[in-house]
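Engineer: I'm passing along target_20.cif; it holds mmCIF, N, CA and C atoms.
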```cif
data_data
loop_
_atom_site.label_atom_id
_atom_site.label_comp_id
_atom_site.auth_asym_id
_atom_site.auth_seq_id
_atom_site.Cartn_x
_atom_site.Cartn_y
_atom_site.Cartn_z
N MET A 1 -155.66 31.65 153.15
CA MET A 1 -155.34 30.95 154.39
C MET A 1 -154.10 30.10 154.16
N ASN A 2 -152.94 30.71 154.10
CA ASN A 2 -151.68 30.00 153.88
C ASN A 2 -151.84 28.88 152.85
N ARG A 3 -151.05 27.86 152.93
CA ARG A 3 -151.12 26.75 151.98
C ARG A 3 -152.14 25.71 152.39
N LEU A 4 -152.44 25.64 153.65
CA LEU A 4 -153.39 24.65 154.15
C LEU A 4 -154.81 25.11 153.82
N THR A 5 -155.60 24.25 153.22
CA THR A 5 -156.97 24.59 152.88
C THR A 5 -157.87 24.49 154.12
N GLU A 6 -159.06 25.06 154.02
CA GLU A 6 -160.01 24.92 155.12
C GLU A 6 -160.31 23.45 155.36
N GLU A 7 -160.48 22.68 154.28
CA GLU A 7 -160.77 21.26 154.43
C GLU A 7 -159.62 20.53 155.12
N GLY A 8 -158.39 20.89 154.80
CA GLY A 8 -157.23 20.30 155.47
C GLY A 8 -157.21 20.60 156.95
N LEU A 9 -157.58 21.82 157.31
CA LEU A 9 -157.64 22.19 158.72
C LEU A 9 -158.75 21.42 159.43
N VAL A 10 -159.88 21.23 158.76
CA VAL A 10 -160.98 20.45 159.31
C VAL A 10 -160.53 19.01 159.58
N LEU A 11 -159.79 18.42 158.65
CA LEU A 11 -159.29 17.05 158.84
C LEU A 11 -158.41 16.96 160.08
N LEU A 12 -157.58 17.98 160.31
CA LEU A 12 -156.73 17.98 161.50
C LEU A 12 -157.55 18.15 162.78
N ALA A 13 -158.67 18.86 162.70
CA ALA A 13 -159.55 18.99 163.87
C ALA A 13 -160.21 17.64 164.19
N PHE A 14 -160.61 16.90 163.16
CA PHE A 14 -161.16 15.56 163.38
C PHE A 14 -160.12 14.66 164.03
N GLU A 15 -158.88 14.78 163.58
CA GLU A 15 -157.78 13.99 164.16
C GLU A 15 -157.61 14.33 165.65
N ALA A 16 -157.66 15.61 165.97
CA ALA A 16 -157.50 16.05 167.36
C ALA A 16 -158.65 15.57 168.23
N ARG A 17 -159.84 15.50 167.66
CA ARG A 17 -161.04 15.06 168.42
C ARG A 17 -160.86 13.65 168.98
N LYS A 18 -160.12 12.82 168.27
CA LYS A 18 -159.89 11.44 168.72
C LYS A 18 -159.15 11.39 170.06
N LYS A 19 -158.44 12.45 170.39
CA LYS A 19 -157.64 12.49 171.62
C LYS A 19 -158.41 13.08 172.81
N ALA A 20 -159.65 13.49 172.59
CA ALA A 20 -160.42 14.14 173.65
C ALA A 20 -160.54 13.24 174.88
N TYR A 21 -160.49 13.88 176.04
CA TYR A 21 -160.70 13.18 177.31
C TYR A 21 -162.03 13.70 177.85
N ALA A 22 -163.10 12.95 177.59
CA ALA A 22 -164.45 13.38 177.96
C ALA A 22 -165.24 12.25 178.61
N PRO A 23 -164.74 11.73 179.76
CA PRO A 23 -165.41 10.59 180.38
C PRO A 23 -166.75 10.93 181.03
N TYR A 24 -167.07 12.19 181.20
CA TYR A 24 -168.30 12.59 181.90
C TYR A 24 -169.40 12.99 180.92
N SER A 25 -169.10 13.88 180.00
CA SER A 25 -170.10 14.32 179.03
C SER A 25 -170.13 13.45 177.78
N HIS A 26 -169.02 12.77 177.50
CA HIS A 26 -168.84 12.00 176.27
C HIS A 26 -168.96 12.88 175.03
N PHE A 27 -168.82 14.18 175.20
CA PHE A 27 -168.87 15.15 174.11
C PHE A 27 -167.43 15.47 173.74
N GLN A 28 -166.99 14.95 172.62
CA GLN A 28 -165.60 15.07 172.21
C GLN A 28 -165.44 16.21 171.20
N VAL A 29 -164.47 17.09 171.47
CA VAL A 29 -164.23 18.23 170.60
C VAL A 29 -162.76 18.24 170.21
N GLY A 30 -162.52 18.56 168.94
CA GLY A 30 -161.17 18.73 168.44
C GLY A 30 -161.04 20.06 167.75
N ALA A 31 -159.86 20.65 167.82
CA ALA A 31 -159.61 21.93 167.18
C ALA A 31 -158.24 21.90 166.52
N ALA A 32 -158.14 22.60 165.40
CA ALA A 32 -156.86 22.77 164.71
C ALA A 32 -156.70 24.26 164.43
N LEU A 33 -155.68 24.84 165.02
CA LEU A 33 -155.43 26.28 164.96
C LEU A 33 -154.28 26.56 164.00
N LEU A 34 -154.54 27.41 163.01
CA LEU A 34 -153.54 27.75 162.02
C LEU A 34 -152.87 29.07 162.38
N ALA A 35 -151.56 29.02 162.55
CA ALA A 35 -150.78 30.22 162.83
C ALA A 35 -150.43 30.90 161.50
N ALA A 36 -150.15 32.18 161.59
CA ALA A 36 -149.83 32.97 160.39
C ALA A 36 -148.59 32.42 159.68
N ASP A 37 -147.69 31.78 160.41
CA ASP A 37 -146.48 31.23 159.80
C ASP A 37 -146.68 29.83 159.21
N GLY A 38 -147.92 29.32 159.26
CA GLY A 38 -148.24 28.02 158.68
C GLY A 38 -148.24 26.86 159.65
N GLN A 39 -147.76 27.08 160.87
CA GLN A 39 -147.79 26.00 161.86
C GLN A 39 -149.24 25.72 162.27
N VAL A 40 -149.52 24.48 162.62
CA VAL A 40 -150.84 24.10 163.10
C VAL A 40 -150.69 23.54 164.50
N PHE A 41 -151.56 23.99 165.38
CA PHE A 41 -151.59 23.53 166.77
C PHE A 41 -152.95 22.89 167.02
N GLN A 42 -152.91 21.64 167.45
CA GLN A 42 -154.15 20.93 167.71
C GLN A 42 -154.51 21.00 169.19
N GLY A 43 -155.78 20.82 169.45
CA GLY A 43 -156.25 20.77 170.82
C GLY A 43 -157.49 19.90 170.91
N CYS A 44 -157.71 19.33 172.08
CA CYS A 44 -158.92 18.56 172.34
C CYS A 44 -159.46 19.00 173.70
N ASN A 45 -160.74 18.71 173.93
CA ASN A 45 -161.28 19.05 175.24
C ASN A 45 -160.77 18.05 176.27
N ILE A 46 -160.55 18.57 177.47
CA ILE A 46 -160.03 17.77 178.58
C ILE A 46 -160.92 18.02 179.78
N GLU A 47 -161.73 17.02 180.14
CA GLU A 47 -162.66 17.18 181.25
C GLU A 47 -161.99 16.82 182.57
N ASN A 48 -162.63 17.24 183.65
CA ASN A 48 -162.17 16.97 185.00
C ASN A 48 -163.39 16.68 185.85
N ALA A 49 -163.26 15.77 186.79
CA ALA A 49 -164.39 15.40 187.65
C ALA A 49 -164.96 16.60 188.40
N ALA A 50 -164.15 17.60 188.65
CA ALA A 50 -164.62 18.80 189.35
C ALA A 50 -165.24 19.82 188.38
N TYR A 51 -165.31 19.50 187.11
CA TYR A 51 -165.88 20.32 186.03
C TYR A 51 -165.17 21.65 185.78
N THR A 52 -165.04 22.50 186.78
CA THR A 52 -164.44 23.82 186.57
C THR A 52 -163.04 23.75 185.96
N PRO A 53 -162.17 22.81 186.36
CA PRO A 53 -160.85 22.77 185.74
C PRO A 53 -160.83 22.21 184.32
N SER A 54 -161.97 21.84 183.77
CA SER A 54 -162.03 21.33 182.40
C SER A 54 -161.55 22.40 181.42
N ASN A 55 -161.09 21.97 180.26
CA ASN A 55 -160.60 22.92 179.26
C ASN A 55 -161.15 22.54 177.89
N CYS A 56 -161.58 23.54 177.15
CA CYS A 56 -162.11 23.34 175.81
C CYS A 56 -160.99 23.07 174.81
N ALA A 57 -161.33 22.42 173.71
CA ALA A 57 -160.36 22.10 172.66
C ALA A 57 -159.73 23.37 172.08
N GLU A 58 -160.54 24.39 171.88
CA GLU A 58 -160.05 25.62 171.29
C GLU A 58 -158.98 26.27 172.17
N ARG A 59 -159.25 26.35 173.46
CA ARG A 59 -158.28 26.94 174.38
C ARG A 59 -157.05 26.06 174.51
N THR A 60 -157.23 24.75 174.47
CA THR A 60 -156.07 23.86 174.50
C THR A 60 -155.15 24.16 173.32
N ALA A 61 -155.73 24.33 172.14
CA ALA A 61 -154.92 24.64 170.94
C ALA A 61 -154.22 26.00 171.10
N PHE A 62 -154.96 27.02 171.56
CA PHE A 62 -154.35 28.34 171.74
C PHE A 62 -153.25 28.30 172.78
N PHE A 63 -153.50 27.66 173.91
CA PHE A 63 -152.50 27.63 174.98
C PHE A 63 -151.27 26.84 174.54
N ASN A 64 -151.48 25.80 173.75
CA ASN A 64 -150.37 25.03 173.19
C ASN A 64 -149.51 25.95 172.32
N ALA A 65 -150.15 26.71 171.44
CA ALA A 65 -149.41 27.62 170.54
C ALA A 65 -148.69 28.71 171.31
N VAL A 66 -149.40 29.35 172.22
CA VAL A 66 -148.80 30.46 172.98
C VAL A 66 -147.64 29.96 173.83
N SER A 67 -147.76 28.74 174.37
CA SER A 67 -146.66 28.19 175.16
C SER A 67 -145.42 27.93 174.31
N GLU A 68 -145.60 27.86 172.99
CA GLU A 68 -144.48 27.68 172.06
C GLU A 68 -144.02 29.01 171.47
N GLY A 69 -144.58 30.12 171.97
CA GLY A 69 -144.15 31.44 171.53
C GLY A 69 -144.88 31.98 170.31
N VAL A 70 -145.92 31.30 169.86
CA VAL A 70 -146.67 31.73 168.67
C VAL A 70 -147.88 32.54 169.13
N ARG A 71 -148.07 33.71 168.50
CA ARG A 71 -149.17 34.59 168.92
C ARG A 71 -149.89 35.26 167.75
N ASP A 72 -149.69 34.75 166.55
CA ASP A 72 -150.32 35.35 165.37
C ASP A 72 -151.05 34.24 164.62
N PHE A 73 -152.39 34.34 164.53
CA PHE A 73 -153.21 33.26 164.00
C PHE A 73 -154.14 33.73 162.90
N THR A 74 -154.49 32.81 162.00
CA THR A 74 -155.37 33.16 160.89
C THR A 74 -156.69 32.41 160.90
N ALA A 75 -156.73 31.19 161.46
CA ALA A 75 -157.96 30.40 161.41
C ALA A 75 -157.93 29.27 162.44
N ILE A 76 -159.13 28.79 162.77
CA ILE A 76 -159.26 27.60 163.60
C ILE A 76 -160.44 26.79 163.07
N ALA A 77 -160.27 25.47 163.02
CA ALA A 77 -161.35 24.55 162.67
C ALA A 77 -161.77 23.83 163.94
N ILE A 78 -163.08 23.69 164.12
CA ILE A 78 -163.63 23.07 165.33
C ILE A 78 -164.65 22.02 164.93
N VAL A 79 -164.55 20.86 165.56
CA VAL A 79 -165.51 19.78 165.32
C VAL A 79 -165.82 19.13 166.66
N GLY A 80 -167.10 18.84 166.89
CA GLY A 80 -167.45 18.23 168.15
C GLY A 80 -168.79 17.53 168.12
N GLY A 81 -168.96 16.60 169.03
CA GLY A 81 -170.21 15.87 169.17
C GLY A 81 -170.04 14.70 170.12
N LYS A 82 -171.14 14.08 170.44
CA LYS A 82 -171.12 12.93 171.34
C LYS A 82 -170.30 11.79 170.74
N LYS A 83 -169.57 11.10 171.60
CA LYS A 83 -168.77 9.95 171.17
C LYS A 83 -169.68 8.94 170.49
N GLY A 84 -169.26 8.45 169.33
CA GLY A 84 -170.03 7.46 168.61
C GLY A 84 -171.17 8.01 167.78
N GLN A 85 -171.41 9.30 167.89
CA GLN A 85 -172.49 9.94 167.11
C GLN A 85 -172.10 9.94 165.64
N GLY A 86 -172.98 9.47 164.79
CA GLY A 86 -172.68 9.42 163.37
C GLY A 86 -172.60 10.78 162.74
N GLU A 87 -173.70 11.50 162.71
CA GLU A 87 -173.73 12.82 162.09
C GLU A 87 -173.55 13.88 163.16
N LEU A 88 -172.64 14.80 162.93
CA LEU A 88 -172.37 15.87 163.88
C LEU A 88 -173.07 17.14 163.46
N SER A 89 -173.29 18.02 164.42
CA SER A 89 -173.79 19.35 164.10
C SER A 89 -172.65 20.34 164.34
N CYS A 90 -172.80 21.56 163.85
CA CYS A 90 -171.75 22.56 164.08
C CYS A 90 -171.56 22.77 165.57
N CYS A 91 -170.33 22.92 165.98
CA CYS A 91 -169.98 23.08 167.40
C CYS A 91 -169.28 24.43 167.58
N PRO A 92 -170.07 25.49 167.81
CA PRO A 92 -169.45 26.82 167.95
C PRO A 92 -168.67 26.94 169.26
N PRO A 93 -167.66 27.79 169.28
CA PRO A 93 -166.87 27.97 170.51
C PRO A 93 -167.69 28.66 171.59
N CYS A 94 -167.42 28.29 172.84
CA CYS A 94 -168.10 28.92 173.97
C CYS A 94 -167.63 30.37 174.13
N GLY A 95 -168.27 31.10 175.00
CA GLY A 95 -167.91 32.50 175.22
C GLY A 95 -166.49 32.69 175.72
N VAL A 96 -166.04 31.81 176.59
CA VAL A 96 -164.67 31.93 177.11
C VAL A 96 -163.66 31.72 175.99
N CYS A 97 -163.90 30.75 175.12
CA CYS A 97 -163.00 30.51 173.99
C CYS A 97 -163.01 31.69 173.03
N ARG A 98 -164.17 32.27 172.80
CA ARG A 98 -164.25 33.45 171.93
C ARG A 98 -163.44 34.60 172.53
N GLN A 99 -163.47 34.72 173.83
CA GLN A 99 -162.70 35.78 174.48
C GLN A 99 -161.20 35.53 174.33
N VAL A 100 -160.76 34.28 174.44
CA VAL A 100 -159.35 33.95 174.22
C VAL A 100 -158.96 34.28 172.78
N MET A 101 -159.83 33.97 171.85
CA MET A 101 -159.56 34.31 170.44
C MET A 101 -159.41 35.82 170.28
N MET A 102 -160.23 36.57 170.99
CA MET A 102 -160.19 38.03 170.91
C MET A 102 -158.84 38.57 171.39
N GLU A 103 -158.21 37.86 172.30
CA GLU A 103 -156.92 38.28 172.83
C GLU A 103 -155.81 38.19 171.79
N PHE A 104 -155.89 37.19 170.92
CA PHE A 104 -154.78 36.90 170.02
C PHE A 104 -155.08 37.07 168.53
N CYS A 105 -156.31 37.37 168.16
CA CYS A 105 -156.69 37.35 166.75
C CYS A 105 -157.33 38.66 166.30
N ARG A 106 -157.21 38.94 165.03
CA ARG A 106 -157.88 40.10 164.43
C ARG A 106 -159.34 39.71 164.18
N PRO A 107 -160.28 40.35 164.84
CA PRO A 107 -161.69 39.95 164.72
C PRO A 107 -162.25 40.03 163.31
N ASP A 108 -161.73 40.94 162.49
CA ASP A 108 -162.28 41.11 161.15
C ASP A 108 -161.74 40.10 160.14
N SER A 109 -160.65 39.41 160.47
CA SER A 109 -160.07 38.49 159.50
C SER A 109 -159.84 37.07 160.02
N PHE A 110 -159.82 36.85 161.32
CA PHE A 110 -159.62 35.51 161.86
C PHE A 110 -160.84 34.65 161.51
N ARG A 111 -160.59 33.48 160.90
CA ARG A 111 -161.66 32.60 160.45
C ARG A 111 -161.92 31.49 161.46
N ILE A 112 -163.19 31.24 161.75
CA ILE A 112 -163.61 30.15 162.62
C ILE A 112 -164.43 29.20 161.76
N ILE A 113 -163.92 28.01 161.56
CA ILE A 113 -164.53 27.02 160.69
C ILE A 113 -165.23 25.98 161.55
N LEU A 114 -166.54 25.88 161.41
CA LEU A 114 -167.33 24.94 162.19
C LEU A 114 -167.75 23.79 161.28
N ALA A 115 -167.27 22.59 161.58
CA ALA A 115 -167.46 21.45 160.68
C ALA A 115 -168.48 20.45 161.22
N LYS A 116 -169.31 19.97 160.30
CA LYS A 116 -170.24 18.88 160.59
C LYS A 116 -169.67 17.55 160.09
N SER A 117 -168.85 17.65 159.05
CA SER A 117 -168.17 16.48 158.49
C SER A 117 -166.87 16.97 157.86
N ARG A 118 -166.15 16.05 157.27
CA ARG A 118 -164.87 16.42 156.65
C ARG A 118 -165.04 17.32 155.44
N THR A 119 -166.23 17.35 154.87
CA THR A 119 -166.47 18.17 153.69
C THR A 119 -167.59 19.19 153.87
N GLU A 120 -168.34 19.12 154.95
CA GLU A 120 -169.44 20.06 155.19
C GLU A 120 -169.11 20.93 156.39
N TYR A 121 -168.88 22.21 156.12
CA TYR A 121 -168.52 23.14 157.18
C TYR A 121 -168.89 24.55 156.76
N LYS A 122 -168.94 25.44 157.78
CA LYS A 122 -169.21 26.86 157.55
C LYS A 122 -168.08 27.66 158.18
N SER A 123 -167.78 28.79 157.57
CA SER A 123 -166.69 29.63 158.04
C SER A 123 -167.22 31.01 158.41
N TYR A 124 -166.76 31.50 159.56
CA TYR A 124 -167.19 32.80 160.08
C TYR A 124 -165.96 33.60 160.50
N THR A 125 -166.12 34.91 160.59
CA THR A 125 -165.05 35.71 161.21
C THR A 125 -165.34 35.77 162.71
N LEU A 126 -164.32 36.10 163.47
CA LEU A 126 -164.51 36.29 164.91
C LEU A 126 -165.50 37.42 165.17
N ASP A 127 -165.45 38.46 164.35
CA ASP A 127 -166.42 39.57 164.47
C ASP A 127 -167.85 39.07 164.38
N GLU A 128 -168.10 38.11 163.50
CA GLU A 128 -169.45 37.58 163.33
C GLU A 128 -169.92 36.81 164.55
N LEU A 129 -169.00 36.10 165.21
CA LEU A 129 -169.37 35.28 166.37
C LEU A 129 -169.22 36.01 167.70
N LEU A 130 -168.51 37.14 167.68
CA LEU A 130 -168.32 37.93 168.90
C LEU A 130 -168.39 39.41 168.55
N PRO A 131 -169.60 39.89 168.21
CA PRO A 131 -169.70 41.32 167.88
C PRO A 131 -169.39 42.18 169.10
N MET A 132 -168.72 43.29 168.85
CA MET A 132 -168.35 44.22 169.91
C MET A 132 -167.51 43.54 171.00
N GLY A 133 -166.60 42.66 170.58
CA GLY A 133 -165.75 41.95 171.54
C GLY A 133 -164.82 42.90 172.27
N PHE A 134 -164.43 42.49 173.47
CA PHE A 134 -163.51 43.26 174.31
C PHE A 134 -162.13 42.66 174.14
N GLY A 135 -161.18 43.48 173.67
CA GLY A 135 -159.83 42.97 173.42
C GLY A 135 -158.77 43.90 173.94
N PRO A 136 -157.52 43.58 173.66
CA PRO A 136 -156.38 44.38 174.16
C PRO A 136 -156.49 45.86 173.84
N GLU A 137 -157.01 46.19 172.65
CA GLU A 137 -157.11 47.60 172.27
C GLU A 137 -158.05 48.38 173.19
N ASN A 138 -158.98 47.70 173.85
CA ASN A 138 -159.87 48.38 174.79
C ASN A 138 -159.14 48.88 176.04
N LEU A 139 -157.98 48.32 176.30
CA LEU A 139 -157.22 48.69 177.50
C LEU A 139 -156.11 49.69 177.20
N GLN A 140 -155.98 50.05 175.94
CA GLN A 140 -154.96 51.05 175.59
C GLN A 140 -155.40 52.41 176.08
N LYS A 141 -154.44 53.15 176.54
CA LYS A 141 -154.72 54.49 177.08
C LYS A 141 -155.21 55.39 175.95
N SER A 142 -156.31 56.06 176.18
CA SER A 142 -156.84 56.98 175.18
C SER A 142 -156.13 58.32 175.30
N PRO A 143 -156.00 59.01 174.17
CA PRO A 143 -155.33 60.33 174.20
C PRO A 143 -156.17 61.31 175.03
N GLU A 144 -155.48 62.18 175.74
CA GLU A 144 -156.19 63.13 176.60
C GLU A 144 -156.38 64.46 175.92
#
```
Just give me the structure of the file as structure tokens.

Structural biologist:
Amino acid sequence: MNRLTEEGLVLLAFEARKKAYAPYSHFQVGAALLAADGQVFQGCNIENAAYTPSNCAERTAFFNAVSEGVRDFTAIAIVGGKKGQGELSCCPPCGVCRQVMMEFCRPDSFRIILAKSRTEYKSYTLDELLPMGFGPENLQKSPE
């Protein structure tokens, strides 16, 4: 995973979590997305009173990267929990975020790191969290 360690990526996700805007659920999530070229894009969840326009930390990080022209990624670290909560549990990405990951990442090698603390985390491939995912290759024309 480039020069940045998984633990380093987790630390950046904790940093991003501090910026979360979650006045309704008080559930703050931070994400740190590692691009293949070594750049890191952070994201936090951003809630909205109408709920539907809310955005997850993972998608915020992806949209930030894509808006900068980056489309090749190797890993993402995610951390989340209630504001002020001492011990966190793993915060897996929602289905919509997994689908966004499927758009831009190789399911067999893209790593999703779910952290409970700065040193306690688990790492999964996108394939493990989204088996039989639907991606760009599903829309390619099949040979006749």

Engineer: What separation in Å, quoted to one decimal, exists between atom CA of Ala77 of chain A and atom CA of Ala32 of chain A?

Structural biologist: 5.2 Å

Engineer: A:Val79, A:Ile46, A:Ala57, A:Val70: which is nearest Tyr24 of chain A, counting only C-alpha atoms?

Structural biologist: A:Ile46

Engineer: Using all atoms listed in the file, find the one residue out of A:Val10, A:Leu130, A:Ala115, A:Met102 that sits nearest to Cys90 of chain A.

Structural biologist: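 Using all atoms listed in the file, Cys90 of chain A sits closest to A:Ala115.
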
Engineer: Would you compute the box with edges along x, y and z of the file around segment 54-61 of chain A, including every atom the file lists for it and 5 Å extra on each side, and give its centre and edge lengths in Å to one decimal, as JSON?

Structural biologist:
```
{"center_x": -158.2, "center_y": 24.1, "center_z": 177.4, "size_x": 17.9, "size_y": 15.6, "size_z": 22.8}
```

Engineer: When you count only N, CA and C atoms, which of these residues is closest to Leu9 of chain A: A:Leu139, A:Leu126, A:Leu33, A:Cys44?

Structural biologist: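 For Leu9 of chain A, the nearest of the candidates is A:Leu33.
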
Engineer: Run the PyMOL selection byres (((chain A and resi 73 and name CA) around 10) and name CA) on the file and write out the hits as number ranges by chain.

Structural biologist: A: 33-40, 62, 65, 70-72, 74-76, 101, 104-106, 109-111

Engineer: Looking at only C-alpha atoms, which of A:Ala22, A:Gly30, A:Ser67, A:Pro93 is the one that sits closest to Tyr51 of chain A?

Structural biologist: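 Checking each of A:Ala22, A:Gly30, A:Ser67, A:Pro93 against Tyr51 of chain A, counting only C-alpha atoms, the winner is A:Ala22.
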
Engineer: Write out as a PyMOL selection string all residues of chain A that backbone DSSP assigns to strand (DSSP E or B).

Structural biologist: chain A and resi 21+27-35+40-44+46+55+73-82+111-115+121-125

Engineer: Please, what distance in Å, to one decimal, runs between atom CA of Asn48 of chain A and atom CA of Lys19 of chain A?

Structural biologist: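 A separation of 14.8 Å between them.
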
Engineer: Record the distance separating atom CA of Glu7 of chain A and atom C of Ser117 of chain A, expressed in Å with one decimal.

Structural biologist: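 If I compute the distance from atom CA of Glu7 of chain A to atom C of Ser117 of chain A, I get 8.2 Å.
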
Engineer: Would you return as a PDB file with N, CA and C atoms, in the frame of the given file the members of segment 103-143 of chain A that DSSP assigns to helix (DSSP H, G or I) on this structure's backbone?

Structural biologist:
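The result, stored in out21.pdb:
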```pdb
ATOM      1  N   GLU A 103    -158.210  37.860 172.300  1.00  0.00           N
ATOM      2  CA  GLU A 103    -156.920  38.280 172.830  1.00  0.00           C
ATOM      3  C   GLU A 103    -155.810  38.190 171.790  1.00  0.00           C
ATOM      4  N   PHE A 104    -155.890  37.190 170.920  1.00  0.00           N
ATOM      5  CA  PHE A 104    -154.780  36.900 170.020  1.00  0.00           C
ATOM      6  C   PHE A 104    -155.080  37.070 168.530  1.00  0.00           C
ATOM      7  N   LEU A 126    -164.320  36.100 163.470  1.00  0.00           N
ATOM      8  CA  LEU A 126    -164.510  36.290 164.910  1.00  0.00           C
ATOM      9  C   LEU A 126    -165.500  37.420 165.170  1.00  0.00           C
ATOM     10  N   ASP A 127    -165.450  38.460 164.350  1.00  0.00           N
ATOM     11  CA  ASP A 127    -166.420  39.570 164.470  1.00  0.00           C
ATOM     12  C   ASP A 127    -167.850  39.070 164.380  1.00  0.00           C
ATOM     13  N   GLU A 128    -168.100  38.110 163.500  1.00  0.00           N
ATOM     14  CA  GLU A 128    -169.450  37.580 163.330  1.00  0.00           C
ATOM     15  C   GLU A 128    -169.920  36.810 164.550  1.00  0.00           C
ATOM     16  N   LEU A 129    -169.000  36.100 165.210  1.00  0.00           N
ATOM     17  CA  LEU A 129    -169.370  35.280 166.370  1.00  0.00           C
ATOM     18  C   LEU A 129    -169.220  36.010 167.700  1.00  0.00           C
ATOM     19  N   PRO A 136    -157.520  43.580 173.660  1.00  0.00           N
ATOM     20  CA  PRO A 136    -156.380  44.380 174.160  1.00  0.00           C
ATOM     21  C   PRO A 136    -156.490  45.860 173.840  1.00  0.00           C
ATOM     22  N   GLU A 137    -157.010  46.190 172.650  1.00  0.00           N
ATOM     23  CA  GLU A 137    -157.110  47.600 172.270  1.00  0.00           C
ATOM     24  C   GLU A 137    -158.050  48.380 173.190  1.00  0.00           C
ATOM     25  N   ASN A 138    -158.980  47.700 173.850  1.00  0.00           N
ATOM     26  CA  ASN A 138    -159.870  48.380 174.790  1.00  0.00           C
ATOM     27  C   ASN A 138    -159.140  48.880 176.040  1.00  0.00           C
ATOM     28  N   LEU A 139    -157.980  48.320 176.300  1.00  0.00           N
ATOM     29  CA  LEU A 139    -157.220  48.690 177.500  1.00  0.00           C
ATOM     30  C   LEU A 139    -156.110  49.690 177.200  1.00  0.00           C
TER      31      LEU A 139
END
```

Engineer: Select, from A:Gly86, A:Gly133, A:Gly69, A:Gly81, the residue with the minimum atom-to-atom distance to Arg98 of chain A, counting all atoms listed in the file.

Structural biologist: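 Checking each candidate against Arg98 of chain A, we get A:Gly133 as the closest.
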
Engineer: Of the candidates A:Asn55, A:Asn138, A:Ser25, A:Gln42, which one gets nearest to Cys94 of chain A if we count only C-alpha atoms?

Structural biologist: A:Asn55

Engineer: Can you pull out every residue within 9 Å of Asp108 of chain A, counting only C-alpha atoms, but drop anything in the same chain fewer than 4 positions away, and send it as a PyMOL selection string?

Structural biologist: chain A and resi 125-128

Engineer: Could the residues in this selection be written to a file with N, CA and C atoms, as a compact mmCIF listing (two decimals), keeping the file's coordinate frame?

Structural biologist:
```
# COMPACT_ATOMS: atom_id res chain seq x y z
N THR A 125 -166.12 34.91 160.59
CA THR A 125 -165.05 35.71 161.21
C THR A 125 -165.34 35.77 162.71
N LEU A 126 -164.32 36.10 163.47
CA LEU A 126 -164.51 36.29 164.91
C LEU A 126 -165.50 37.42 165.17
N ASP A 127 -165.45 38.46 164.35
CA ASP A 127 -166.42 39.57 164.47
C ASP A 127 -167.85 39.07 164.38
N GLU A 128 -168.10 38.11 163.50
CA GLU A 128 -169.45 37.58 163.33
C GLU A 128 -169.92 36.81 164.55
```

Engineer: Check which residues satisfy the PyMOL selection byres (((chain A and resi 29 and name CA) around 10) and name CA) in the file shown, then give them as number ranges by chain.

Structural biologist: A: 13-14, 16-22, 26-28, 30-31, 43-46, 56-58, 78-83, 91
